[in-house]
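Undergrad: Sharing structure08.cif below, mmCIF, C-alpha atoms:
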```cif
data_structure
loop_
_atom_site.label_atom_id
_atom_site.label_comp_id
_atom_site.auth_asym_id
_atom_site.auth_seq_id
_atom_site.Cartn_x
_atom_site.Cartn_y
_atom_site.Cartn_z
CA TYR A 1 29.10 24.96 69.58
CA LYS A 2 27.39 21.97 68.01
CA LYS A 3 29.64 19.35 69.53
CA PHE A 4 27.36 18.50 72.51
CA PHE A 5 24.28 18.67 70.31
CA GLU A 6 25.74 16.13 67.89
CA LYS A 7 26.54 13.81 70.82
CA SER A 8 23.14 14.01 72.46
CA LYS A 9 20.82 14.32 69.43
CA THR A 10 20.48 10.51 69.07
CA SER A 11 19.96 9.93 72.83
CA PHE A 12 16.42 10.04 74.16
CA ASN A 13 15.45 9.28 77.79
CA THR A 14 11.89 8.57 78.87
CA PRO A 15 10.64 7.55 82.31
CA VAL A 16 9.57 3.93 82.62
CA ASP A 17 6.25 4.79 84.30
CA MET A 18 5.21 7.30 81.66
CA LEU A 19 1.47 7.12 80.85
CA SER A 20 1.91 6.59 77.10
CA ILE A 21 4.47 3.79 77.69
CA LEU A 22 2.06 1.99 80.03
CA LEU A 23 -0.80 2.33 77.55
CA ALA A 24 1.38 0.97 74.73
CA LYS A 25 2.39 -2.07 76.79
CA LYS A 26 -1.23 -2.78 77.71
CA CYS A 27 -2.31 -2.48 74.06
CA GLN A 28 0.53 -4.79 72.99
CA THR A 29 -0.69 -7.49 75.36
CA LEU A 30 -4.25 -7.13 74.04
CA VAL A 31 -3.32 -7.49 70.36
CA SER A 32 -0.60 -10.11 70.87
CA ASP A 33 -1.40 -13.43 69.16
CA ILE A 34 0.85 -15.33 71.56
CA ASP A 35 -1.11 -14.23 74.62
CA TYR A 36 -4.42 -14.65 72.74
CA ARG A 37 -3.78 -18.30 71.93
CA THR A 38 -3.14 -19.82 75.31
CA TYR A 39 -2.69 -23.58 75.06
CA LEU A 40 -4.28 -25.11 78.12
CA HIS A 41 -2.69 -28.56 77.85
CA GLN A 42 -0.97 -31.02 75.47
CA TRP A 43 -3.04 -33.83 73.98
CA THR A 44 -2.50 -36.65 71.51
CA CYS A 45 -4.94 -37.83 68.82
CA MET A 46 -5.11 -41.47 67.75
CA PRO A 47 -4.74 -42.03 63.93
CA ASP A 48 -7.66 -44.47 63.79
CA GLN A 49 -10.20 -42.17 65.36
CA ASN A 50 -13.36 -41.57 63.41
CA ASP A 51 -13.05 -37.78 63.33
CA VAL A 52 -9.42 -37.97 62.18
CA ILE A 53 -10.29 -40.31 59.32
CA GLN A 54 -13.20 -38.07 58.32
CA ALA A 55 -10.91 -35.01 58.39
CA LYS A 56 -8.36 -36.77 56.15
CA LYS A 57 -11.06 -37.68 53.63
CA ALA A 58 -12.35 -34.11 53.59
CA TYR A 59 -8.79 -32.82 53.08
CA GLU A 60 -8.25 -35.22 50.17
CA LEU A 61 -11.54 -34.12 48.59
CA GLN A 62 -10.56 -30.46 48.87
CA SER A 63 -6.92 -30.98 47.82
CA ASP A 64 -6.21 -29.69 44.28
CA TRP A 65 -2.94 -31.63 44.04
CA ILE A 66 -4.63 -34.97 44.82
CA TYR A 67 -7.39 -34.05 42.35
CA LYS A 68 -4.85 -33.57 39.54
CA THR A 69 -2.68 -36.64 40.31
CA ASP A 70 -5.29 -38.90 38.68
CA MET A 71 -4.51 -37.37 35.28
CA GLU A 72 -0.73 -37.29 35.62
CA TRP A 73 -0.24 -40.91 34.56
CA ILE A 74 -2.32 -40.45 31.39
CA ARG A 75 -0.74 -37.16 30.34
CA GLY A 76 0.74 -37.46 26.82
CA CYS A 77 -1.24 -40.60 25.95
CA GLY A 78 -3.59 -40.04 22.98
CA TRP A 79 -6.99 -41.67 22.93
CA MET A 80 -9.48 -41.52 20.07
CA PRO A 81 -12.88 -43.26 20.15
CA HIS A 82 -13.26 -44.23 16.47
CA ASP A 83 -16.96 -44.87 16.64
CA SER A 84 -17.91 -41.80 18.70
CA LEU A 85 -20.43 -39.26 17.46
CA GLU A 86 -17.89 -36.43 17.07
CA VAL A 87 -15.52 -38.56 14.99
CA LYS A 88 -18.36 -39.66 12.71
CA LYS A 89 -19.42 -36.03 12.22
CA VAL A 90 -15.87 -35.00 11.31
CA GLN A 91 -15.52 -37.88 8.82
CA LYS A 92 -18.83 -37.01 7.17
CA ALA A 93 -17.88 -33.32 6.92
CA GLN A 94 -14.51 -34.30 5.38
CA GLU A 95 -16.29 -36.38 2.74
CA ILE A 96 -18.59 -33.45 1.92
CA LEU A 97 -15.70 -30.97 1.63
CA ASN A 98 -13.39 -33.35 -0.29
CA ASP A 99 -12.75 -31.88 -3.75
CA ARG A 100 -11.56 -35.20 -5.18
CA LEU A 101 -14.82 -36.96 -4.35
CA TYR A 102 -16.82 -33.93 -5.48
CA ARG A 103 -15.18 -33.95 -8.95
CA GLN A 104 -15.31 -37.70 -9.49
CA HIS A 105 -16.02 -39.07 -12.93
CA PRO A 106 -19.69 -39.74 -13.75
CA SER A 107 -18.85 -43.34 -14.61
CA THR A 108 -18.07 -44.01 -10.95
CA VAL A 109 -21.55 -42.93 -9.88
CA LYS A 110 -24.03 -45.76 -9.67
CA PHE A 111 -26.69 -44.26 -11.92
CA THR A 112 -28.13 -45.32 -15.27
CA SER A 113 -30.08 -42.95 -17.51
CA ILE A 114 -32.34 -43.82 -20.45
CA VAL A 115 -30.60 -43.16 -23.77
CA ASP A 116 -33.68 -42.02 -25.74
CA LEU A 117 -34.93 -39.44 -23.26
CA PRO A 118 -35.94 -36.12 -24.93
CA SER A 119 -33.47 -34.18 -22.76
CA ILE A 120 -30.61 -36.53 -23.70
CA VAL A 121 -31.45 -36.37 -27.41
CA LEU A 122 -31.72 -32.58 -27.28
CA ALA A 123 -28.36 -32.30 -25.51
CA LYS A 124 -26.68 -34.50 -28.16
CA THR A 125 -28.21 -32.43 -30.98
CA ASN A 126 -27.06 -29.18 -29.40
CA SER A 127 -23.57 -30.61 -28.90
CA ASP A 128 -23.35 -31.56 -32.59
CA GLN A 129 -24.58 -28.11 -33.67
CA ILE A 130 -22.10 -26.11 -31.60
CA SER A 131 -19.17 -28.47 -32.30
CA ASP A 132 -16.44 -26.73 -34.27
CA ARG A 133 -15.07 -30.07 -35.49
CA LYS A 134 -18.45 -31.11 -36.91
CA TYR A 135 -18.84 -27.67 -38.47
CA LYS A 136 -15.50 -27.94 -40.37
CA GLU A 137 -15.67 -31.66 -41.10
CA ALA A 138 -17.56 -31.30 -44.42
CA TRP A 139 -15.25 -28.53 -45.61
CA ASP A 140 -12.15 -30.58 -44.79
CA VAL A 141 -13.51 -33.47 -46.86
CA ASP A 142 -14.34 -31.17 -49.81
CA LYS A 143 -10.85 -29.62 -49.74
CA ARG A 144 -9.31 -32.99 -50.50
CA THR A 145 -11.76 -33.92 -53.29
CA ILE A 146 -12.49 -30.61 -55.13
CA HIS A 147 -9.91 -29.31 -57.66
CA VAL A 148 -10.14 -25.67 -58.86
CA MET A 149 -8.71 -24.76 -62.29
CA PRO A 150 -5.94 -22.12 -62.12
CA ASP A 151 -7.37 -20.07 -65.05
CA THR A 152 -10.83 -19.38 -63.64
CA PRO A 153 -11.85 -15.68 -63.44
CA ALA A 154 -12.01 -15.73 -59.63
CA ILE A 155 -8.49 -17.13 -59.33
CA MET A 156 -7.09 -14.68 -61.89
CA LEU A 157 -8.79 -11.75 -60.12
CA ALA A 158 -7.40 -12.86 -56.76
CA LYS A 159 -3.87 -13.05 -58.19
CA ALA A 160 -4.19 -9.58 -59.76
CA ASN A 161 -5.42 -8.12 -56.46
CA ALA A 162 -2.53 -9.76 -54.60
CA ILE A 163 -0.07 -8.14 -57.02
CA ASN A 164 -1.75 -4.73 -56.63
CA VAL A 165 -1.72 -4.74 -52.84
CA SER A 166 1.78 -6.27 -52.50
CA ASP A 167 4.14 -3.84 -50.78
CA LYS A 168 7.16 -5.83 -51.90
CA LEU A 169 6.28 -5.52 -55.61
CA TYR A 170 5.39 -1.86 -55.11
CA ARG A 171 8.85 -1.06 -53.75
CA GLU A 172 10.60 -3.34 -56.23
CA ALA A 173 9.32 -1.28 -59.15
CA TRP A 174 10.42 1.93 -57.42
CA ASP A 175 13.90 0.48 -56.86
CA ASP A 176 14.17 -0.36 -60.55
CA VAL A 177 13.14 3.20 -61.47
CA LYS A 178 15.75 4.67 -59.11
CA LYS A 179 18.48 2.63 -60.77
CA SER A 180 17.50 3.74 -64.27
CA ILE A 181 17.11 7.49 -63.55
CA ASN A 182 20.23 9.69 -63.42
CA VAL A 183 19.55 12.99 -61.63
CA LYS A 184 22.14 15.79 -61.91
CA PRO A 185 23.16 17.40 -58.60
CA ASP A 186 22.64 20.91 -60.02
CA ALA A 187 19.11 20.27 -61.22
CA VAL A 188 16.46 22.83 -60.32
CA SER A 189 14.42 20.39 -58.23
CA ILE A 190 17.52 19.19 -56.32
CA VAL A 191 18.69 22.74 -55.61
CA ALA A 192 15.18 23.76 -54.51
CA ALA A 193 14.97 20.74 -52.17
CA LYS A 194 18.37 21.52 -50.63
CA THR A 195 17.40 25.17 -50.12
CA SER A 196 14.12 24.19 -48.45
CA ARG A 197 16.02 21.76 -46.25
CA ASP A 198 18.47 24.45 -45.16
CA ILE A 199 15.64 26.87 -44.42
CA ALA A 200 13.84 24.31 -42.29
CA SER A 201 17.05 23.09 -40.61
CA ASP A 202 17.37 24.13 -36.96
CA TYR A 203 21.16 23.82 -37.24
CA LYS A 204 21.30 26.32 -40.10
CA TYR A 205 18.94 28.59 -38.17
CA LYS A 206 21.33 28.72 -35.20
CA GLN A 207 24.54 28.81 -37.25
CA ALA A 208 24.43 32.59 -37.77
CA HIS A 209 23.89 33.11 -34.04
CA GLU A 210 26.86 30.87 -33.22
CA LYS A 211 29.06 32.87 -35.61
CA GLN A 212 28.10 36.19 -33.97
CA LYS A 213 28.96 34.97 -30.48
CA GLY A 214 31.89 36.96 -29.07
CA HIS A 215 31.86 39.61 -31.81
CA LEU A 216 29.88 42.16 -29.77
CA ILE A 217 32.43 42.42 -26.93
CA GLY A 218 34.35 45.74 -26.69
CA PHE A 219 31.89 48.38 -25.40
CA ARG A 220 33.21 50.61 -22.65
CA SER A 221 30.02 50.45 -20.62
CA VAL A 222 26.60 48.85 -20.74
CA LYS A 223 25.02 52.09 -21.92
CA ASP A 224 27.08 51.97 -25.14
CA ASP A 225 25.52 48.64 -26.12
CA PRO A 226 22.08 49.30 -27.69
CA LYS A 227 20.93 45.72 -27.09
CA MET A 228 21.81 45.85 -23.40
CA VAL A 229 20.11 49.24 -23.05
CA TRP A 230 17.00 47.87 -24.71
CA SER A 231 17.06 44.79 -22.44
CA ILE A 232 17.31 47.00 -19.33
CA HIS A 233 14.43 49.12 -20.58
CA VAL A 234 12.25 46.06 -21.18
CA ASN A 235 13.19 44.68 -17.76
CA LYS A 236 12.09 47.93 -16.12
CA ILE A 237 8.79 47.81 -17.95
CA GLN A 238 8.19 44.24 -16.87
CA SER A 239 9.50 44.73 -13.30
CA ASP A 240 6.79 44.88 -10.66
CA ARG A 241 9.12 46.69 -8.25
CA GLU A 242 9.75 49.50 -10.74
CA TYR A 243 6.03 49.63 -11.42
CA LYS A 244 5.27 50.24 -7.72
CA LYS A 245 8.34 52.44 -7.04
CA ASP A 246 6.62 55.81 -7.57
CA PHE A 247 3.59 54.73 -5.59
CA GLU A 248 5.78 53.73 -2.61
CA LYS A 249 7.43 57.19 -2.70
CA TRP A 250 4.20 59.19 -2.77
CA LYS A 251 1.86 57.02 -0.71
CA THR A 252 2.90 58.71 2.58
CA LYS A 253 2.73 62.24 1.17
CA PHE A 254 -0.51 64.18 1.12
CA ASN A 255 -0.89 67.75 -0.19
CA SER A 256 -3.99 69.77 0.44
CA PRO A 257 -4.63 73.48 -0.42
CA VAL A 258 -4.59 75.93 2.46
CA ASP A 259 -7.96 77.45 1.55
CA MET A 260 -9.73 74.11 1.37
CA LEU A 261 -13.24 74.26 2.80
CA GLY A 262 -12.62 71.46 5.31
CA ILE A 263 -9.44 73.11 6.62
CA LEU A 264 -11.17 76.50 7.00
CA LEU A 265 -14.03 74.94 8.94
CA ALA A 266 -11.56 73.06 11.17
CA LYS A 267 -9.67 76.30 11.90
CA LYS A 268 -12.94 78.09 12.68
CA CYS A 269 -13.97 75.33 15.08
CA GLN A 270 -10.51 75.40 16.67
CA THR A 271 -10.84 79.10 17.37
#
```
Would you write out, as structure tokens, the structure that this file holds?
TA:
Amino acid sequence: YKKFFEKSKTSFNTPVDMLSILLAKKCQTLVSDIDYRTYLHQWTCMPDQNDVIQAKKAYELQSDWIYKTDMEWIRGCGWMPHDSLEVKKVQKAQEILNDRLYRQHPSTVKFTSIVDLPSIVLAKTNSDQISDRKYKEAWDVDKRTIHVMPDTPAIMLAKANAINVSDKLYREAWDDVKKSINVKPDAVSIVAAKTSRDIASDYKYKQAHEKQKGHLIGFRSVKDDPKMVWSIHVNKIQSDREYKKDFEKWKTKFNSPVDMLGILLAKKCQT
């Protein structure tokens, strides 16, 4: 059925003198650049004519490639005018920002100050007053020349105070006392100390509990164990679900008496 259609579907025949074909040909001739540019004749221009030379100069002036060829030969060659204004400004700024020149020693500066100026004298006096070396110089000299007798009251008092506050001597006396005292192991104080230690010992406190572990096994059910029953009872008291259990049962139930005034009035209105 479709055999002839498949053969002829790509074939299309139009008459040559169809109006649209003629209009298309006429429009093609109007917009054609070949027909628009009709060369009337062939002519030759001499290279030394004035207008040709002027056109070449104008082309060279407008050419970007010719404009850039002047700089191709100098590309990569550095040039620095040492005495130019910009270089001098950079050198001056470098001298201002140079930390080495900024922190140079005062002796390198060409300046001479008067020695007996009031500000200079005041500065020297203040320097001597706040100098720690000048402050301790007299004491260092006196230490080498002054001799203190070892039996003066101040020296004796200082030695006695040193003995009193010495932790080493304090413990040394206690060590000597410990060596000389013989304490019996069954003394009242020793027994009392051991008893107090056992009472305060966490290990002794838990020892009885560790001994009772495993001795309470053998009940037939949980209800026979009084401790388990008591734990269940406490858990029910503390349980929020058990606390709200009765409320959840009764919250959807509502009981009202038959002879309630509101029900009687509703029945009367219904009738």
Undergrad: Just to confirm, what's the straight-line distance from CA of Asp70 (chain A) to CA of Lys57 (chain A) in Å (one decimal)?
TA: 16.1 Å
Undergrad: So what do you get for CA of Trp73 (chain A) versus CA of Lys56 (chain A), distance-wise?
TA: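 Distance reported for this atom pair: 23.4 Å.
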Undergrad: I'd like the interatomic distance between CA of Asp64 (chain A) and CA of Pro81 (chain A), to a tenth of an Å.
TA: 28.5 Å
Undergrad: Would you mind putting N, CA and C atoms back on region 38-60 of chain A and writing the result as a CSV table (one decimal), keeping the file's coordinate frame?
TA:
```
chain,number,residue,atom,x,y,z
A,38,THR,N,-3.7,-19.2,74.1
A,38,THR,CA,-3.1,-19.8,75.3
A,38,THR,C,-3.5,-21.3,75.3
A,39,TYR,N,-2.4,-22.1,75.1
A,39,TYR,CA,-2.7,-23.6,75.1
A,39,TYR,C,-2.8,-24.1,76.5
A,40,LEU,N,-4.0,-24.7,76.8
A,40,LEU,CA,-4.3,-25.1,78.1
A,40,LEU,C,-3.5,-26.3,78.5
A,41,HIS,N,-3.4,-27.3,77.5
A,41,HIS,CA,-2.7,-28.6,77.8
A,41,HIS,C,-2.2,-29.2,76.6
A,42,GLN,N,-1.4,-30.2,76.6
A,42,GLN,CA,-1.0,-31.0,75.5
A,42,GLN,C,-1.8,-32.3,75.4
A,43,TRP,N,-2.2,-32.6,74.2
A,43,TRP,CA,-3.0,-33.8,74.0
A,43,TRP,C,-2.6,-34.5,72.7
A,44,THR,N,-2.9,-35.8,72.6
A,44,THR,CA,-2.5,-36.6,71.5
A,44,THR,C,-3.7,-37.3,70.9
A,45,CYS,N,-3.8,-37.3,69.5
A,45,CYS,CA,-4.9,-37.8,68.8
A,45,CYS,C,-4.5,-39.2,68.2
A,46,MET,N,-5.4,-40.2,68.3
A,46,MET,CA,-5.1,-41.5,67.8
A,46,MET,C,-5.4,-41.4,66.2
A,47,PRO,N,-4.5,-42.1,65.4
A,47,PRO,CA,-4.7,-42.0,63.9
A,47,PRO,C,-6.0,-42.8,63.4
A,48,ASP,N,-6.5,-43.7,64.3
A,48,ASP,CA,-7.7,-44.5,63.8
A,48,ASP,C,-9.0,-44.0,64.4
A,49,GLN,N,-9.0,-42.7,64.9
A,49,GLN,CA,-10.2,-42.2,65.4
A,49,GLN,C,-11.1,-41.8,64.2
A,50,ASN,N,-12.4,-41.8,64.5
A,50,ASN,CA,-13.4,-41.6,63.4
A,50,ASN,C,-13.3,-40.1,62.9
A,51,ASP,N,-13.1,-39.2,63.8
A,51,ASP,CA,-13.0,-37.8,63.3
A,51,ASP,C,-11.8,-37.5,62.6
A,52,VAL,N,-10.7,-38.2,62.9
A,52,VAL,CA,-9.4,-38.0,62.2
A,52,VAL,C,-9.5,-38.5,60.8
A,53,ILE,N,-10.1,-39.7,60.6
A,53,ILE,CA,-10.3,-40.3,59.3
A,53,ILE,C,-11.2,-39.4,58.5
A,54,GLN,N,-12.3,-38.9,59.1
A,54,GLN,CA,-13.2,-38.1,58.3
A,54,GLN,C,-12.5,-36.8,57.9
A,55,ALA,N,-11.6,-36.2,58.8
A,55,ALA,CA,-10.9,-35.0,58.4
A,55,ALA,C,-9.9,-35.3,57.2
A,56,LYS,N,-9.3,-36.4,57.2
A,56,LYS,CA,-8.4,-36.8,56.2
A,56,LYS,C,-9.1,-36.9,54.8
A,57,LYS,N,-10.3,-37.5,54.9
A,57,LYS,CA,-11.1,-37.7,53.6
A,57,LYS,C,-11.5,-36.3,53.1
A,58,ALA,N,-11.9,-35.5,54.0
A,58,ALA,CA,-12.4,-34.1,53.6
A,58,ALA,C,-11.2,-33.3,53.0
A,59,TYR,N,-10.0,-33.5,53.6
A,59,TYR,CA,-8.8,-32.8,53.1
A,59,TYR,C,-8.4,-33.3,51.7
A,60,GLU,N,-8.5,-34.7,51.5
A,60,GLU,CA,-8.2,-35.2,50.2
A,60,GLU,C,-9.2,-34.8,49.1
```
